[in-house]
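J.: My structure is stored as my_file.tsv, with TSV, C-alpha atoms.
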chain	number	residue	atom	x	y	z
A	1	MET	CA	245.11	105.16	395.77
A	2	ILE	CA	248.49	105.25	397.54
A	3	ASN	CA	249.52	101.91	396.01
A	4	ARG	CA	248.55	103.25	392.63
A	5	TYR	CA	250.87	106.25	392.97
A	6	LYS	CA	253.67	103.94	394.18
A	7	ASN	CA	253.37	101.87	391.02
A	8	ILE	CA	253.56	105.00	388.85
A	9	VAL	CA	256.72	106.23	390.66
A	10	ILE	CA	258.39	102.82	390.26
A	11	VAL	CA	257.62	102.71	386.54
A	12	VAL	CA	259.09	106.20	386.06
A	13	LEU	CA	262.26	105.62	388.13
A	14	LEU	CA	263.11	102.09	387.02
A	15	PRO	CA	264.43	103.05	383.53
A	16	LEU	CA	266.68	105.67	385.13
A	17	LEU	CA	268.16	103.15	387.57
A	18	LEU	CA	268.92	100.66	384.80
A	19	THR	CA	270.82	103.06	382.53
A	20	GLY	CA	274.13	102.71	384.43
A	21	CYS	CA	276.74	105.47	384.73
A	22	TRP	CA	275.95	108.40	382.48
A	23	ASP	CA	279.63	108.90	381.57
A	24	TYR	CA	280.50	105.22	381.23
A	25	LYS	CA	283.13	104.35	378.63
A	26	ASP	CA	283.96	100.81	377.55
A	27	VAL	CA	287.49	99.79	378.62
A	28	ASN	CA	288.48	99.39	374.95
A	29	LYS	CA	287.77	103.11	374.44
A	30	ARG	CA	290.00	104.32	377.27
A	31	ASP	CA	293.76	104.97	377.26
A	32	ILE	CA	294.89	102.95	380.28
A	33	ILE	CA	298.21	104.21	381.65
A	34	ILE	CA	300.47	101.61	383.30
A	35	SER	CA	303.49	103.75	384.16
A	36	ILE	CA	304.56	107.39	384.05
A	37	GLY	CA	308.08	108.74	383.54
A	38	VAL	CA	309.04	112.37	384.15
A	39	ASP	CA	312.24	113.98	382.89
A	40	GLN	CA	313.76	117.38	382.12
A	41	VAL	CA	314.86	117.67	378.48
A	42	ASP	CA	316.47	121.04	377.74
A	43	ASN	CA	313.78	123.52	378.80
A	44	SER	CA	310.88	121.11	378.43
A	45	VAL	CA	309.16	118.56	380.62
A	46	GLU	CA	309.06	115.13	379.02
A	47	PHE	CA	306.37	112.62	379.91
A	48	THR	CA	307.00	109.06	378.87
A	49	GLY	CA	305.78	105.68	380.01
A	50	GLU	CA	303.61	102.74	379.06
A	51	ALA	CA	299.95	102.35	378.14
A	52	ALA	CA	298.06	99.07	377.98
A	53	LYS	CA	297.53	97.44	374.60
A	54	LEU	CA	294.24	95.59	374.98
A	55	MET	CA	293.28	92.49	373.05
A	56	SER	CA	289.85	90.90	372.73
A	57	ALA	CA	289.59	87.49	374.33
A	58	LYS	CA	286.94	84.80	374.19
A	59	GLY	CA	283.59	85.90	375.47
A	60	GLY	CA	284.12	89.48	374.34
A	61	GLU	CA	286.26	90.38	377.35
A	62	SER	CA	289.44	92.44	377.00
A	63	SER	CA	292.79	91.65	378.55
A	64	MET	CA	296.19	93.32	378.54
A	65	MET	CA	298.58	91.47	376.26
A	66	ALA	CA	301.33	94.09	375.98
A	67	ALA	CA	302.13	97.76	376.50
A	68	TYR	CA	303.21	100.48	374.14
A	69	GLU	CA	305.45	103.44	374.91
A	70	TYR	CA	304.28	107.05	374.75
A	71	ILE	CA	306.32	110.28	374.76
A	72	SER	CA	305.19	113.89	375.02
A	73	LEU	CA	306.93	117.25	375.53
A	74	GLY	CA	305.85	120.63	376.87
A	75	LYS	CA	307.21	123.71	378.61
A	76	HIS	CA	305.15	122.89	381.70
A	77	TYR	CA	303.23	119.84	382.94
A	78	GLU	CA	300.06	121.08	381.28
A	79	GLY	CA	301.81	121.58	377.94
A	80	SER	CA	303.28	118.10	378.00
A	81	ARG	CA	299.91	116.64	378.92
A	82	ALA	CA	298.27	118.53	376.05
A	83	ASP	CA	300.88	117.10	373.68
A	84	TYR	CA	300.03	113.64	374.97
A	85	ASP	CA	296.26	114.17	374.63
A	86	ALA	CA	296.73	115.14	370.98
A	87	GLU	CA	297.92	111.61	370.15
A	88	ILE	CA	295.84	109.22	372.27
A	89	PRO	CA	292.85	107.31	370.86
A	90	GLY	CA	290.58	107.63	373.92
A	91	PRO	CA	290.00	109.23	377.35
A	92	TYR	CA	292.97	109.14	379.72
A	93	PHE	CA	292.60	106.70	382.65
A	94	ALA	CA	295.19	106.91	385.46
A	95	GLY	CA	293.59	104.48	387.90
A	96	ALA	CA	295.76	101.59	386.70
A	97	VAL	CA	299.18	103.29	387.10
A	98	ARG	CA	301.69	100.99	388.84
A	99	CYS	CA	304.61	103.40	389.29
A	100	VAL	CA	305.88	106.90	388.59
A	101	VAL	CA	309.54	107.14	387.55
A	102	PHE	CA	311.65	110.30	387.86
A	103	SER	CA	315.02	110.71	386.19
A	104	LYS	CA	318.02	111.68	388.32
A	105	LYS	CA	318.12	115.02	386.51
A	106	PHE	CA	314.49	115.75	387.32
A	107	GLY	CA	315.00	114.49	390.87
A	108	ALA	CA	317.86	116.95	391.39
A	109	LYS	CA	315.65	119.76	390.13
A	110	GLY	CA	312.90	118.85	392.60
A	111	ILE	CA	309.84	116.59	392.48
A	112	GLU	CA	307.55	118.46	394.90
A	113	PRO	CA	305.52	120.35	392.24
A	114	TYR	CA	304.78	117.13	390.36
A	115	MET	CA	303.97	115.27	393.59
A	116	ASN	CA	301.39	117.95	394.35
A	117	ARG	CA	299.98	117.45	390.86
A	118	LEU	CA	299.69	113.68	391.36
A	119	TYR	CA	298.07	114.11	394.75
A	120	ASN	CA	295.33	116.29	393.28
A	121	ILE	CA	294.59	114.37	390.06
A	122	VAL	CA	291.08	112.96	390.23
A	123	GLY	CA	291.13	109.17	389.92
A	124	PHE	CA	294.87	108.81	390.60
A	125	ARG	CA	295.63	106.35	393.41
A	126	ASN	CA	297.72	107.81	396.26
A	127	SER	CA	299.17	104.35	396.91
A	128	VAL	CA	301.17	104.41	393.65
A	129	LEU	CA	304.89	103.66	393.95
A	130	ILE	CA	307.39	106.50	393.36
A	131	VAL	CA	310.96	105.71	392.20
A	132	ILE	CA	314.02	107.37	390.70
A	133	SER	CA	315.69	105.74	387.71
A	134	GLU	CA	319.41	105.46	387.06
A	135	GLU	CA	318.76	106.37	383.42
A	136	ALA	CA	316.29	108.63	381.65
A	137	PRO	CA	312.73	107.20	381.74
A	138	ARG	CA	312.67	107.39	377.92
A	139	ASP	CA	315.52	104.83	377.83
A	140	LEU	CA	314.17	102.80	380.74
A	141	PHE	CA	310.77	102.15	379.17
A	142	ARG	CA	312.32	101.11	375.86
A	143	ARG	CA	314.06	98.14	377.44
A	144	LYS	CA	312.58	94.69	377.03
A	145	ILE	CA	311.29	92.85	380.08
A	146	GLN	CA	311.55	89.07	380.10
A	147	ASN	CA	310.00	88.16	383.46
A	148	ASP	CA	306.94	90.44	383.60
A	149	ILE	CA	304.31	92.14	381.43
A	150	CYS	CA	306.12	95.45	381.05
A	151	VAL	CA	308.63	97.75	382.78
A	152	GLY	CA	306.05	99.41	385.05
A	153	TYR	CA	304.79	96.06	386.34
A	154	ALA	CA	308.33	94.74	386.78
A	155	ILE	CA	309.47	97.74	388.85
A	156	GLU	CA	306.39	97.70	391.09
A	157	ASP	CA	306.45	93.93	391.57
A	158	THR	CA	310.19	93.88	392.36
A	159	VAL	CA	310.11	96.70	394.91
A	160	LYS	CA	306.93	95.34	396.52
A	161	TYR	CA	308.45	91.86	396.89
A	162	LEU	CA	311.63	93.28	398.47
A	163	ASP	CA	309.64	95.56	400.77
A	164	ASP	CA	307.47	92.65	401.94
A	165	ASN	CA	310.65	90.72	402.77
A	166	GLY	CA	312.48	93.56	404.51
A	167	GLY	CA	314.94	94.31	401.72
A	168	ALA	CA	313.67	97.67	400.39
A	169	LEU	CA	311.38	100.63	401.08
A	170	TYR	CA	308.13	100.99	399.12
A	171	LYS	CA	307.35	104.71	399.01
A	172	THR	CA	303.92	105.94	397.90
A	173	VAL	CA	302.48	109.28	396.81
A	174	GLN	CA	300.60	109.61	400.11
A	175	GLU	CA	303.71	108.96	402.21
A	176	ILE	CA	305.83	111.46	400.28
A	177	ILE	CA	303.14	114.15	400.53
A	178	SER	CA	303.06	113.55	404.30
A	179	ASP	CA	306.86	113.99	404.47
A	180	ILE	CA	306.70	117.14	402.34
A	181	GLN	CA	304.02	118.67	404.55
A	182	PHE	CA	306.14	118.09	407.67
A	183	ARG	CA	308.78	120.34	406.04
A	184	SER	CA	311.64	119.70	408.51
A	185	ILE	CA	312.49	116.25	407.19
A	186	GLY	CA	313.72	114.55	404.03
A	187	TYR	CA	312.95	111.03	402.86
A	188	PHE	CA	314.17	108.04	400.86
A	189	ILE	CA	312.63	106.62	397.69
A	190	PRO	CA	313.67	103.50	395.71
A	191	TYR	CA	316.42	103.80	393.10
A	192	VAL	CA	316.01	101.40	390.17
A	193	THR	CA	317.05	100.35	386.69
A	194	VAL	CA	316.24	97.67	384.11
A	195	ASP	CA	319.13	95.33	383.37
A	196	LYS	CA	319.31	92.12	381.31
A	197	GLY	CA	315.56	91.93	380.89
A	198	THR	CA	314.61	92.42	384.53
A	199	ALA	CA	313.89	95.32	386.87
A	200	LYS	CA	316.69	95.79	389.38
A	201	TYR	CA	316.59	97.53	392.75
A	202	LEU	CA	319.82	99.52	393.15
A	203	GLY	CA	319.24	101.13	396.53
A	204	LEU	CA	317.69	104.32	397.90
A	205	ALA	CA	317.66	107.93	396.70
A	206	ALA	CA	318.04	110.47	399.51
A	207	MET	CA	315.81	113.55	399.15
A	208	LYS	CA	316.17	116.96	400.80
A	209	ASP	CA	313.47	119.55	400.11
A	210	SER	CA	312.23	116.91	397.63
A	211	LYS	CA	315.49	117.20	395.67
A	212	LEU	CA	317.88	114.32	395.04
A	213	VAL	CA	321.00	114.80	397.16
A	214	GLY	CA	322.57	111.35	397.20
A	215	ILE	CA	322.30	107.60	396.68
A	216	VAL	CA	322.62	104.84	399.27
A	217	LYS	CA	323.59	101.69	397.38
A	218	ASN	CA	321.69	98.50	398.07
A	219	GLY	CA	324.70	96.87	399.73
A	220	ASP	CA	325.05	99.82	402.13
A	221	SER	CA	321.37	100.21	403.00
A	222	ALA	CA	321.05	97.84	406.00
A	223	GLY	CA	321.30	100.79	408.40
A	224	VAL	CA	318.44	102.58	406.64
A	225	LEU	CA	316.23	99.49	406.63
A	226	PHE	CA	316.76	98.71	410.32
A	227	LEU	CA	315.64	102.26	411.10
A	228	LEU	CA	312.73	102.60	408.67
A	229	SER	CA	311.51	99.25	407.37
A	230	LYS	CA	308.55	97.56	409.07
A	231	GLN	CA	310.32	94.20	409.02
A	232	PRO	CA	313.97	94.66	407.99
A	233	THR	CA	315.96	91.59	407.06
A	234	ASN	CA	319.68	91.24	406.52
A	235	GLU	CA	321.52	88.14	405.32
A	236	GLY	CA	325.26	87.93	405.64
A	237	VAL	CA	328.25	85.64	405.92
A	238	PHE	CA	330.20	85.54	409.18
A	239	ALA	CA	333.35	83.72	410.24
A	240	SER	CA	333.66	81.74	413.46
A	241	SER	CA	335.85	83.48	416.03
A	242	SER	CA	337.77	80.24	416.62
A	243	ASN	CA	338.28	79.48	412.93
A	244	GLU	CA	338.24	82.22	410.29
A	245	LYS	CA	337.83	79.65	407.52
A	246	LYS	CA	334.60	78.37	409.06
A	247	LEU	CA	331.87	80.48	407.42
A	248	LEU	CA	328.23	80.70	408.40
A	249	ALA	CA	325.27	82.22	406.53
A	250	ILE	CA	323.08	84.08	409.03
A	251	LYS	CA	319.74	85.84	408.59
A	252	THR	CA	318.99	88.75	410.94
A	253	THR	CA	315.59	90.35	411.54
A	254	LEU	CA	314.24	93.07	413.79
A	255	GLY	CA	312.78	92.02	417.11
A	256	LYS	CA	312.14	95.43	418.65
A	257	ARG	CA	313.02	99.02	417.74
A	258	ARG	CA	312.94	101.94	420.15
A	259	ILE	CA	313.84	105.54	419.24
A	260	LYS	CA	313.88	108.28	421.85
A	261	THR	CA	315.03	111.89	421.55
A	262	SER	CA	316.08	114.60	423.99
A	263	TYR	CA	317.77	118.00	424.10
A	264	LYS	CA	320.78	118.40	426.40
A	265	ASP	CA	323.58	120.96	426.51
A	266	LYS	CA	322.14	122.66	423.40
A	267	ASN	CA	322.43	119.46	421.38
A	268	ILE	CA	319.87	117.06	419.95
A	269	HIS	CA	320.37	113.54	421.31
A	270	ILE	CA	318.89	110.57	419.44
A	271	ASP	CA	318.86	107.23	421.25
A	272	ILE	CA	318.36	104.16	419.05
A	273	ASP	CA	317.87	100.78	420.71
A	274	LEU	CA	317.51	97.67	418.52
A	275	LYS	CA	316.81	94.11	419.61
A	276	LEU	CA	317.69	91.73	416.77
A	277	LYS	CA	317.04	88.05	416.15
A	278	SER	CA	319.44	85.99	414.07
A	279	GLN	CA	319.06	82.53	412.59
A	280	LEU	CA	321.68	80.28	411.12
A	281	GLN	CA	320.77	79.43	407.53
A	282	TYR	CA	323.59	76.95	406.98
A	283	GLU	CA	327.29	76.34	407.59
A	284	TYR	CA	329.71	76.30	404.67
A	285	ASN	CA	331.55	73.47	406.42
A	286	ILE	CA	329.70	71.56	409.11
A	287	GLY	CA	331.42	71.60	412.50
A	288	PRO	CA	330.77	72.31	416.20
A	289	LEU	CA	330.46	75.82	417.62
A	290	SER	CA	331.04	76.58	421.29
A	291	LYS	CA	328.99	78.93	423.44
A	292	GLN	CA	331.88	81.37	423.18
A	293	ASP	CA	331.71	81.18	419.37
A	294	ILE	CA	327.98	81.93	419.49
A	295	LYS	CA	328.48	84.90	421.82
A	296	LYS	CA	331.17	86.32	419.55
A	297	LEU	CA	328.92	85.88	416.53
A	298	GLU	CA	326.13	87.81	418.26
A	299	GLU	CA	328.57	90.63	419.06
A	300	THR	CA	329.87	90.67	415.48
A	301	ILE	CA	326.36	90.88	414.01
A	302	SER	CA	325.46	93.71	416.40
A	303	THR	CA	328.62	95.62	415.51
A	304	ARG	CA	328.02	95.22	411.77
A	305	ILE	CA	324.45	96.60	411.97
A	306	LYS	CA	325.52	99.38	414.36
A	307	ASP	CA	328.35	100.43	412.03
A	308	SER	CA	325.90	100.50	409.09
A	309	ILE	CA	323.53	102.76	411.03
A	310	LEU	CA	326.37	105.05	412.13
A	311	ALA	CA	327.66	105.34	408.56
A	312	VAL	CA	324.31	106.26	407.02
A	313	THR	CA	323.28	108.67	409.82
A	314	LYS	CA	326.65	110.41	409.40
A	315	ARG	CA	326.01	110.72	405.66
A	316	SER	CA	322.60	112.21	406.40
A	317	GLN	CA	324.24	114.89	408.53
A	318	LYS	CA	327.39	115.69	406.56
A	319	GLU	CA	326.56	114.78	402.94
A	320	PHE	CA	322.76	114.94	402.58
A	321	LYS	CA	322.35	117.62	405.29
A	322	SER	CA	318.84	116.31	405.75
A	323	ASP	CA	316.90	114.34	408.34
A	324	VAL	CA	315.99	111.65	405.81
A	325	PHE	CA	314.95	109.30	408.65
A	326	GLY	CA	312.24	111.57	410.02
A	327	PHE	CA	313.70	111.80	413.54
A	328	ALA	CA	312.02	115.22	413.78
A	329	ARG	CA	308.67	113.47	414.18
A	330	TYR	CA	309.92	111.79	417.37
A	331	PHE	CA	311.54	114.98	418.67
A	332	LYS	CA	308.48	117.13	418.02
A	333	GLY	CA	306.27	114.69	419.91
A	334	GLU	CA	308.66	114.32	422.86
A	335	ASN	CA	310.00	117.89	423.06
A	336	PRO	CA	307.32	120.13	421.48
A	337	GLU	CA	308.34	123.45	423.06
A	338	VAL	CA	312.03	123.03	422.24
A	339	TYR	CA	311.16	121.99	418.69
A	340	LYS	CA	309.17	125.19	418.12
A	341	SER	CA	312.12	127.35	419.09
A	342	MET	CA	314.80	125.67	416.96
A	343	ASP	CA	315.87	125.37	413.34
A	344	TRP	CA	315.70	121.57	413.09
A	345	ASN	CA	317.44	121.35	409.69
A	346	LYS	CA	320.44	123.24	411.04
A	347	GLU	CA	320.68	121.60	414.46
A	348	TYR	CA	320.14	118.08	413.13
A	349	GLN	CA	323.52	118.27	411.40
A	350	ASN	CA	325.16	118.29	414.85
A	351	ALA	CA	322.82	115.80	416.53
A	352	ILE	CA	324.49	113.19	418.75
A	353	PHE	CA	323.52	109.56	418.19
A	354	HIS	CA	323.54	106.88	420.87
A	355	ILE	CA	323.10	103.48	419.24
A	356	ASN	CA	322.67	100.19	421.05
A	357	VAL	CA	322.23	96.95	419.10
A	358	ASP	CA	321.65	93.66	420.91
A	359	THR	CA	321.53	90.44	418.87
A	360	THR	CA	320.35	87.00	419.94
A	361	ILE	CA	320.91	83.88	417.84
A	362	VAL	CA	317.65	82.05	418.37
A	363	ASN	CA	318.40	78.61	416.88
A	364	THR	CA	321.57	77.67	418.76
A	365	ASN	CA	320.82	73.93	418.54
A	366	LEU	CA	321.48	74.07	414.80
A	367	LEU	CA	324.98	75.33	415.51
A	368	ASP	CA	325.90	72.11	417.36
A	369	PRO	CA	326.03	69.05	415.10
A	370	ASN	CA	326.31	66.86	418.23
A	371	ALA	CA	323.00	68.05	419.65
A	372	GLU	CA	320.54	65.25	420.39
A	373	LYS	CA	318.12	64.53	417.57
A	374	GLN	CA	314.55	63.57	418.28
A	375	ILE	CA	313.21	60.81	416.08
A	376	LYS	CA	309.46	60.65	415.76
Please express the file's structure as structure tokens.
T.:
Amino acid sequence: MINRYKNIVIVVLLPLLLTGCWDYKDVNKRDIIISIGVDQVDNSVEFTGEAAKLMSAKGGESSMMAAYEYISLGKHYEGSRADYDAEIPGPYFAGAVRCVVFSKKFGAKGIEPYMNRLYNIVGFRNSVLIVISEEAPRDLFRRKIQNDICVGYAIEDTVKYLDDNGGALYKTVQEIISDIQFRSIGYFIPYVTVDKGTAKYLGLAAMKDSKLVGIVKNGDSAGVLFLLSKQPTNEGVFASSSNEKKLLAIKTTLGKRRIKTSYKDKNIHIDIDLKLKSQLQYEYNIGPLSKQDIKKLEETISTRIKDSILAVTKRSQKEFKSDVFGFARYFKGENPEVYKSMDWNKEYQNAIFHINVDTTIVNTNLLDPNAEKQIK
């Protein structure tokens, strides 16, 4: 009898289990968004970006062959979204978005409200890249890309590659929301453009209260990267101390980073200790280098990185007036009672930095052309 009832239950439930998702839509009937641009145009919010143009391939499968641009306007986010919905051929799908691009104008106005919107959109990935564009997103997305599928892919791929190799910061929705919720700190996000058919990383946009307050150009960003990047890398050309015409290409990476904070004499003190490793890439003109030359090179590299850090921390205090490095997180953890009683934003502007950079050239044998060669 029991087995009989089991068979009846299985027969009844099996059709239900085989029907799939009740709200399933074929990919060809969805509007798949690749990138989102946000700008302020007069008194309206402008959404622009790219959506996937799907083509049928062999076997009935669909693949993305190109992207088309969309533009919508509204007084608020909801109005602009409604304007967009009135023109699309299918349900909106945000799970494929590669990047969100803000204009400098919108960045100066403040991105926090829209970041909160992104964070709470169902189906939107919190790992999506956030950037600020040198030009209006409308103009950015109209430019032709030669080395990638579309602008959104090119921006995300470029910043991701640089971040993986220590040359940029990849900032996501989740990370920015975390910074916003801390309240006492600012943050950096990538600053980009599209030039000559390729996406180009221009540097970092400094944000205070989620408003754009300045730009750190790519060539000046080594100090930022050695403080914030997981694996910062800097490549530069240095002259031998014994011969200024003898140039060497040297790659420097982070060995160890230590940041400690304290409060003395009514001042915030921030101690930064960096251990760097440098490698000779090649010499412009092959020739011997003495131990003294190597020591001087190590000192020169250390001084260059230290000066870069000092310059950008000074800008954060005097120009940005924002703790864009998040030093408050260290201070709060190490000095919780003092932190509660102070106005961090105000006192950070007078914080005293103590920076120590120690560099070691790890492949010294390559600097001596007379070194013994092992033949195997």
J.: For Lys264 of chain A, which residue out of A:Ile352, A:Val312, A:Ile177, A:Ile286 is the nearest one, using all atoms listed in the file?
T.: A:Ile352
J.: Report as a compact mmCIF listing (two decimals) with C-alpha atoms, in the coordinates of the input all protein, DNA and RNA residues lying within 9 Å of Asn218 of chain A, evaluated on all atoms listed in the file, omitting residues in the same chain fewer than 4 positions from it.
T.:
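Output saved as out06.txt:
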# COMPACT_ATOMS: atom_id res chain seq x y z
CA GLY A 167 314.94 94.31 401.72
CA ALA A 168 313.67 97.67 400.39
CA TYR A 191 316.42 103.80 393.10
CA TYR A 201 316.59 97.53 392.75
CA LEU A 202 319.82 99.52 393.15
CA GLY A 203 319.24 101.13 396.53
CA LEU A 204 317.69 104.32 397.90
CA ALA A 222 321.05 97.84 406.00
J.: Could you list, as a ChimeraX atom specification, every residue within 8 Å of Gly95 of chain A, counting only C-alpha atoms and ignoring same-chain residues fewer than 3 positions away?
T.: /A:32-33,123-125
J.: In terms of the shortest atom-to-atom distance over all atoms listed in the file, which of A:Ala66, A:Ala351, A:Val324, A:Leu228 is closest to Arg183 of chain A?
T.: A:Val324
J.: So how many Å separate atom CA of Glu244 of chain A and atom CA of Val357 of chain A, to one decimal?
T.: 23.5 Å
J.: Find, counting all atoms listed in the file, the residue in A:Leu297, A:Glu337, A:Val151, A:Asp179 that gets nearest to Met115 of chain A.
T.: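 Smallest distance to Met115 of chain A is found for A:Asp179.
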J.: State, in Å with one decimal place, the distance from atom CA of Arg304 of chain A to atom CA of Asn234 of chain A.
T.: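 These atoms are spaced 10.6 Å apart.
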J.: Do a neighbour search on Ala82 of chain A at 9 Å with all atoms listed in the file, toss out local chain neighbours closer than 5 positions, and write the hits as an MDAnalysis selection string.
T.: chainID A and resid 72:74 77
J.: Restricting the calculation to all atoms listed in the file: of A:Lys251, A:Arg98, A:His269, A:Lys306, which residue gets closest to Thr158 of chain A?
T.: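 Distance minimum relative to Thr158 of chain A lands on A:Arg98.
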J.: Name the closest residue to Arg315 of chain A among the candidates A:Thr261, A:Thr359, A:Ser221, A:Gln279; distances are taken between atoms, counting only C-alpha atoms.
T.: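 Selected residue with least distance to Arg315 of chain A: A:Ser221.
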J.: Could you please determine the separation between atom CA of Phe320 of chain A and atom CA of Tyr348 of chain A in Å, to one decimal place?
T.: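 Between atom CA of Phe320 of chain A and atom CA of Tyr348 of chain A the gap is 11.3 Å.
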J.: Neighbours of Leu280 of chain A within 7 Å (all atoms listed in the file; same-chain residues fewer than 4 positions away dropped), as an NGL selection string?
T.: :A and (249-251 or 363)
J.: Give the padded box for segment 272-280 of chain A as JSON: axis-aligned, covering all atoms listed in the file, 3 Å on each side, centre and edge lengths in Å to one decimal.
T.:
{"center_x": 319.2, "center_y": 92.2, "center_z": 415.9, "size_x": 10.9, "size_y": 29.9, "size_z": 15.6}
J.: Give me the residues near Val131 of chain A as number ranges by chain, where near means some atom within 6 Å (using all atoms listed in the file) and where sequence neighbours in that chain fewer than 2 positions away do not count.
T.: A: 101, 189-191
J.: Could you check the closest approach to Thr193 of chain A for each of A:Asn356, A:Asn147, A:Ser103, A:Gln174 and tell me which residue wins, using only C-alpha atoms?
T.: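 Among the listed residues, the smallest separation from Thr193 of chain A belongs to A:Ser103.
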J.: List as a PyMOL selection string: which residues have an atom within 9 Å of (302.4, 108.6, 384.2), counting all atoms listed in the file?
T.: chain A and resi 33-38+47-50+94+97-101
J.: Take the point (315.5, 111.4, 408.2) as written in the file and pick out every residue within 7 Å of it, counting only C-alpha atoms; give the list as a list of chain:residue names.
T.: A:Ile185, A:Gly186, A:Tyr187, A:Ser322, A:Asp323, A:Val324, A:Phe325, A:Gly326, A:Phe327
J.: Please output segment 34-50 of chain A, rebuilt to include N, CA and C atoms, as a compact mmCIF listing (two decimals), keeping the file's coordinate frame.
T.:
# COMPACT_ATOMS: atom_id res chain seq x y z
N ILE A 34 299.86 102.58 382.40
CA ILE A 34 300.47 101.61 383.30
C ILE A 34 301.60 102.24 384.10
N SER A 35 302.36 103.11 383.48
CA SER A 35 303.49 103.75 384.16
C SER A 35 303.69 105.16 383.61
N ILE A 36 304.29 106.01 384.43
CA ILE A 36 304.56 107.39 384.05
C ILE A 36 306.03 107.70 384.33
N GLY A 37 306.71 108.28 383.35
CA GLY A 37 308.08 108.74 383.54
C GLY A 37 308.13 110.24 383.37
N VAL A 38 308.93 110.91 384.20
CA VAL A 38 309.04 112.37 384.15
C VAL A 38 310.51 112.75 384.07
N ASP A 39 310.85 113.59 383.08
CA ASP A 39 312.24 113.98 382.89
C ASP A 39 312.31 115.44 382.44
N GLN A 40 313.49 116.03 382.60
CA GLN A 40 313.76 117.38 382.12
C GLN A 40 314.63 117.27 380.88
N VAL A 41 314.11 117.71 379.73
CA VAL A 41 314.86 117.67 378.48
C VAL A 41 315.00 119.09 377.97
N ASP A 42 316.22 119.62 378.05
CA ASP A 42 316.47 121.04 377.74
C ASP A 42 315.55 121.90 378.61
N ASN A 43 314.69 122.68 378.01
CA ASN A 43 313.78 123.52 378.80
C ASN A 43 312.36 122.97 378.84
N SER A 44 312.22 121.71 378.49
CA SER A 44 310.88 121.11 378.43
C SER A 44 310.74 119.97 379.43
N VAL A 45 309.49 119.73 379.80
CA VAL A 45 309.16 118.56 380.62
C VAL A 45 308.76 117.44 379.68
N GLU A 46 309.38 116.28 379.86
CA GLU A 46 309.06 115.13 379.02
C GLU A 46 308.31 114.08 379.84
N PHE A 47 307.12 113.75 379.36
CA PHE A 47 306.37 112.62 379.91
C PHE A 47 306.60 111.42 379.01
N THR A 48 306.89 110.30 379.62
CA THR A 48 307.00 109.06 378.87
C THR A 48 306.49 107.94 379.77
N GLY A 49 306.30 106.78 379.20
CA GLY A 49 305.78 105.68 380.01
C GLY A 49 305.15 104.62 379.15
N GLU A 50 304.24 103.86 379.75
CA GLU A 50 303.61 102.74 379.06
C GLU A 50 302.10 102.81 379.20
